[in-house]
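What follows is a short report on a single structure.
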Amino acid sequence: MSLLLLAVGLTLLGCPQALHWGPQDPNFNETLVSGEWFLAGLASNQPKLLKEDKDARLLVHCIQVTPRALQLHLHKKVNGACVPITMMANKTKRKFQYLLENADKNRLFLEKVDPKSYVILCNHREKREEEVVVVNLLSRTREASPDALLLFTNYCRNHGIHPSNIIKVTATGACPPLPQPRTSAQLATDHCPRA
């Protein structure tokens with residue numbers, strides 16, 4: 001019996017969900033991540049995905065939280081032009097874990113969060129029987145704080161991403177028009193989708 005329990009425990013530790021605990025407060029209110037964001041950092045265990053024309057290089061500019069999902073408003077550069085995209089990440093039974101629509105085995109985890117400053121999102125997907133990990137650091141301001149960048153770098157290292165596969169994204173790499181900084185009151189009521 002103990003051998004069976006050990007096998008189950010090792011299996012659970014090996015799965016991606018074992019690495020994701022979400023915000024430290026289990027009662028964290030997800031609606032606090034609603035509003036406008038700037039992409040400040042990007043990392044992946046697949047360095048080729050970090051190139052500007054790849055699928056991982058999506059520039060999140062707004063998150064809307066609904067009772068059943070996170071709605072991500074983003075831009076992707078296609079042939080130098082910014083194309084607006086909306087993605088739905090549906091809630092699962094596991095807190096702070098979502099499944100991206102129209103994508104099998106594509107899980108999004110809400111990780112470290114300071115709703116007034118930063119959010120770390122981690123995406124796991126299976127591609128040709130290989131686990132692909134993409135981590136995003138979102139900031140409320142155009143430049144993330146040094147503390148948020150250090151937390152992001154440490155998070156990536158702890159998830160097996162080599163430091164050379166971690167990049168800082170600046171406002172110059174973003175798609176115009178950039179959102180204008182908003183007050184806390186505006187962030188709380190903002191419904192964001194401005195292309």
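Going by the structure tokens order, chains are called A, B, ..., each with residues numbered from 1, while ligands are numbered from 1 in the order shown.
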
TODO: Write out as a PyMOL selection string which residues come within 8 Å of stretch 128-142 of chain A when counting only C-alpha atoms, dropping same-chain ones fewer than 4 positions away.
DONE: chain A and resi 36-46+56+60+116-124+149+152+156+170-171+181

Store the residues picked out above in a file with N, CA, C and O atoms, as an mmCIF file, in the first residue's frame.
```cif
data_model
loop_
_atom_site.group_PDB
_atom_site.id
_atom_site.type_symbol
_atom_site.label_atom_id
_atom_site.label_comp_id
_atom_site.auth_asym_id
_atom_site.auth_seq_id
_atom_site.Cartn_x
_atom_site.Cartn_y
_atom_site.Cartn_z
ATOM 1 N N GLU A 36 -6.099 47.241 -16.848
ATOM 2 C CA GLU A 36 -5.041 47.368 -17.837
ATOM 3 C C GLU A 36 -3.695 46.931 -17.267
ATOM 4 O O GLU A 36 -3.405 47.150 -16.093
ATOM 5 N N TRP A 37 -2.886 46.326 -18.150
ATOM 6 C CA TRP A 37 -1.558 45.828 -17.785
ATOM 7 C C TRP A 37 -0.587 46.100 -18.921
ATOM 8 O O TRP A 37 -0.987 46.274 -20.061
ATOM 9 N N PHE A 38 0.683 46.096 -18.585
ATOM 10 C CA PHE A 38 1.765 46.162 -19.565
ATOM 11 C C PHE A 38 2.568 44.880 -19.455
ATOM 12 O O PHE A 38 2.851 44.423 -18.337
ATOM 13 N N LEU A 39 2.959 44.300 -20.572
ATOM 14 C CA LEU A 39 3.838 43.133 -20.545
ATOM 15 C C LEU A 39 5.239 43.634 -20.187
ATOM 16 O O LEU A 39 5.797 44.486 -20.863
ATOM 17 N N ALA A 40 5.808 43.090 -19.090
ATOM 18 C CA ALA A 40 7.113 43.552 -18.609
ATOM 19 C C ALA A 40 8.186 42.476 -18.720
ATOM 20 O O ALA A 40 9.365 42.781 -18.777
ATOM 21 N N GLY A 41 7.774 41.206 -18.729
ATOM 22 C CA GLY A 41 8.748 40.127 -18.817
ATOM 23 C C GLY A 41 8.138 38.916 -19.493
ATOM 24 O O GLY A 41 6.931 38.679 -19.423
ATOM 25 N N LEU A 42 8.988 38.159 -20.169
ATOM 26 C CA LEU A 42 8.551 36.983 -20.904
ATOM 27 C C LEU A 42 9.643 35.927 -20.806
ATOM 28 O O LEU A 42 10.826 36.250 -20.904
ATOM 29 N N ALA A 43 9.235 34.688 -20.587
ATOM 30 C CA ALA A 43 10.217 33.604 -20.478
ATOM 31 C C ALA A 43 9.582 32.315 -20.994
ATOM 32 O O ALA A 43 8.363 32.161 -20.991
ATOM 33 N N SER A 44 10.433 31.398 -21.441
ATOM 34 C CA SER A 44 9.944 30.112 -21.923
ATOM 35 C C SER A 44 11.056 29.075 -21.850
ATOM 36 O O SER A 44 12.238 29.411 -21.936
ATOM 37 N N ASN A 45 10.643 27.827 -21.704
ATOM 38 C CA ASN A 45 11.617 26.736 -21.768
ATOM 39 C C ASN A 45 11.969 26.430 -23.225
ATOM 40 O O ASN A 45 12.832 25.614 -23.492
ATOM 41 N N GLN A 46 11.313 27.094 -24.173
ATOM 42 C CA GLN A 46 11.574 26.961 -25.607
ATOM 43 C C GLN A 46 12.002 28.332 -26.135
ATOM 44 O O GLN A 46 11.153 29.164 -26.479
ATOM 45 N N ALA A 56 4.039 32.740 -28.623
ATOM 46 C CA ALA A 56 4.237 33.081 -27.213
ATOM 47 C C ALA A 56 4.380 34.579 -27.015
ATOM 48 O O ALA A 56 4.206 35.078 -25.915
ATOM 49 N N VAL A 60 -0.182 41.183 -23.639
ATOM 50 C CA VAL A 60 -1.410 41.356 -22.863
ATOM 51 C C VAL A 60 -1.529 42.817 -22.471
ATOM 52 O O VAL A 60 -0.581 43.417 -21.973
ATOM 53 N N LYS A 116 -1.871 45.802 -7.382
ATOM 54 C CA LYS A 116 -1.558 47.203 -7.672
ATOM 55 C C LYS A 116 -0.247 47.327 -8.438
ATOM 56 O O LYS A 116 0.096 48.396 -8.909
ATOM 57 N N SER A 117 0.500 46.222 -8.563
ATOM 58 C CA SER A 117 1.828 46.315 -9.141
ATOM 59 C C SER A 117 2.098 45.299 -10.253
ATOM 60 O O SER A 117 2.470 45.668 -11.351
ATOM 61 N N TYR A 118 1.921 44.003 -9.986
ATOM 62 C CA TYR A 118 2.314 42.979 -10.960
ATOM 63 C C TYR A 118 1.463 41.713 -10.855
ATOM 64 O O TYR A 118 0.793 41.467 -9.849
ATOM 65 N N VAL A 119 1.522 40.923 -11.923
ATOM 66 C CA VAL A 119 0.916 39.587 -11.980
ATOM 67 C C VAL A 119 1.881 38.695 -12.744
ATOM 68 O O VAL A 119 2.451 39.105 -13.755
ATOM 69 N N ILE A 120 2.065 37.476 -12.261
ATOM 70 C CA ILE A 120 2.815 36.471 -13.008
ATOM 71 C C ILE A 120 1.822 35.408 -13.462
ATOM 72 O O ILE A 120 1.106 34.819 -12.647
ATOM 73 N N LEU A 121 1.767 35.200 -14.781
ATOM 74 C CA LEU A 121 0.930 34.164 -15.383
ATOM 75 C C LEU A 121 1.850 33.098 -15.964
ATOM 76 O O LEU A 121 2.836 33.425 -16.619
ATOM 77 N N CYS A 122 1.503 31.832 -15.741
ATOM 78 C CA CYS A 122 2.302 30.735 -16.286
ATOM 79 C C CYS A 122 1.399 29.856 -17.139
ATOM 80 O O CYS A 122 0.329 29.436 -16.706
ATOM 81 N N ASN A 123 1.831 29.617 -18.365
ATOM 82 C CA ASN A 123 1.062 28.820 -19.317
ATOM 83 C C ASN A 123 1.812 27.520 -19.608
ATOM 84 O O ASN A 123 3.001 27.545 -19.907
ATOM 85 N N HIS A 124 1.109 26.393 -19.471
ATOM 86 C CA HIS A 124 1.652 25.074 -19.820
ATOM 87 C C HIS A 124 0.806 24.507 -20.941
ATOM 88 O O HIS A 124 -0.419 24.504 -20.855
ATOM 89 N N LEU A 149 10.655 42.317 -11.053
ATOM 90 C CA LEU A 149 11.538 41.649 -12.018
ATOM 91 C C LEU A 149 12.361 40.551 -11.353
ATOM 92 O O LEU A 149 12.548 39.472 -11.921
ATOM 93 N N PHE A 152 10.072 37.617 -10.655
ATOM 94 C CA PHE A 152 9.812 36.948 -11.928
ATOM 95 C C PHE A 152 10.988 36.060 -12.328
ATOM 96 O O PHE A 152 10.815 34.891 -12.685
ATOM 97 N N CYS A 156 10.924 31.953 -12.585
ATOM 98 C CA CYS A 156 11.293 31.231 -13.812
ATOM 99 C C CYS A 156 12.384 30.201 -13.535
ATOM 100 O O CYS A 156 12.305 29.057 -13.985
ATOM 101 N N THR A 170 10.145 45.886 -22.907
ATOM 102 C CA THR A 170 9.967 47.313 -22.633
ATOM 103 C C THR A 170 8.803 47.853 -23.443
ATOM 104 O O THR A 170 8.309 47.205 -24.364
ATOM 105 N N ALA A 171 8.396 49.047 -23.105
ATOM 106 C CA ALA A 171 7.274 49.686 -23.809
ATOM 107 C C ALA A 171 7.575 49.859 -25.293
ATOM 108 O O ALA A 171 6.669 49.902 -26.108
ATOM 109 N N PRO A 181 -1.823 55.387 -18.370
ATOM 110 C CA PRO A 181 -1.935 55.019 -16.959
ATOM 111 C C PRO A 181 -3.283 55.450 -16.407
ATOM 112 O O PRO A 181 -3.800 56.511 -16.740
#
```

Open item on the list: DSSP on the backbone: which residues in stretch 131-166 of chain A end up as helix (DSSP H, G or I)? Give the answer as a ChimeraX atom specification.
Closed with: /A:146-158,163-165

TODO: Pick out each residue of stretch 94-182 of chain A that DSSP on the backbone tags as strand (DSSP E); I need them as a ChimeraX atom specification.
DONE: /A:97-100,106-114,118-127,130-139,166-168

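Distance-wise, atom CA of A:Leu72 and atom CA of A:Met87 end up 5.1 Å apart.
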
TODO: Can you work out which one of A:Lys51, A:Val78, A:Ser34, A:Leu108 has the shortest atom-to-atom distance to A:Phe96, counting only C-alpha atoms?
DONE: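 Going through A:Lys51, A:Val78, A:Ser34, A:Leu108 one by one, the smallest distance to A:Phe96 is for A:Leu108.
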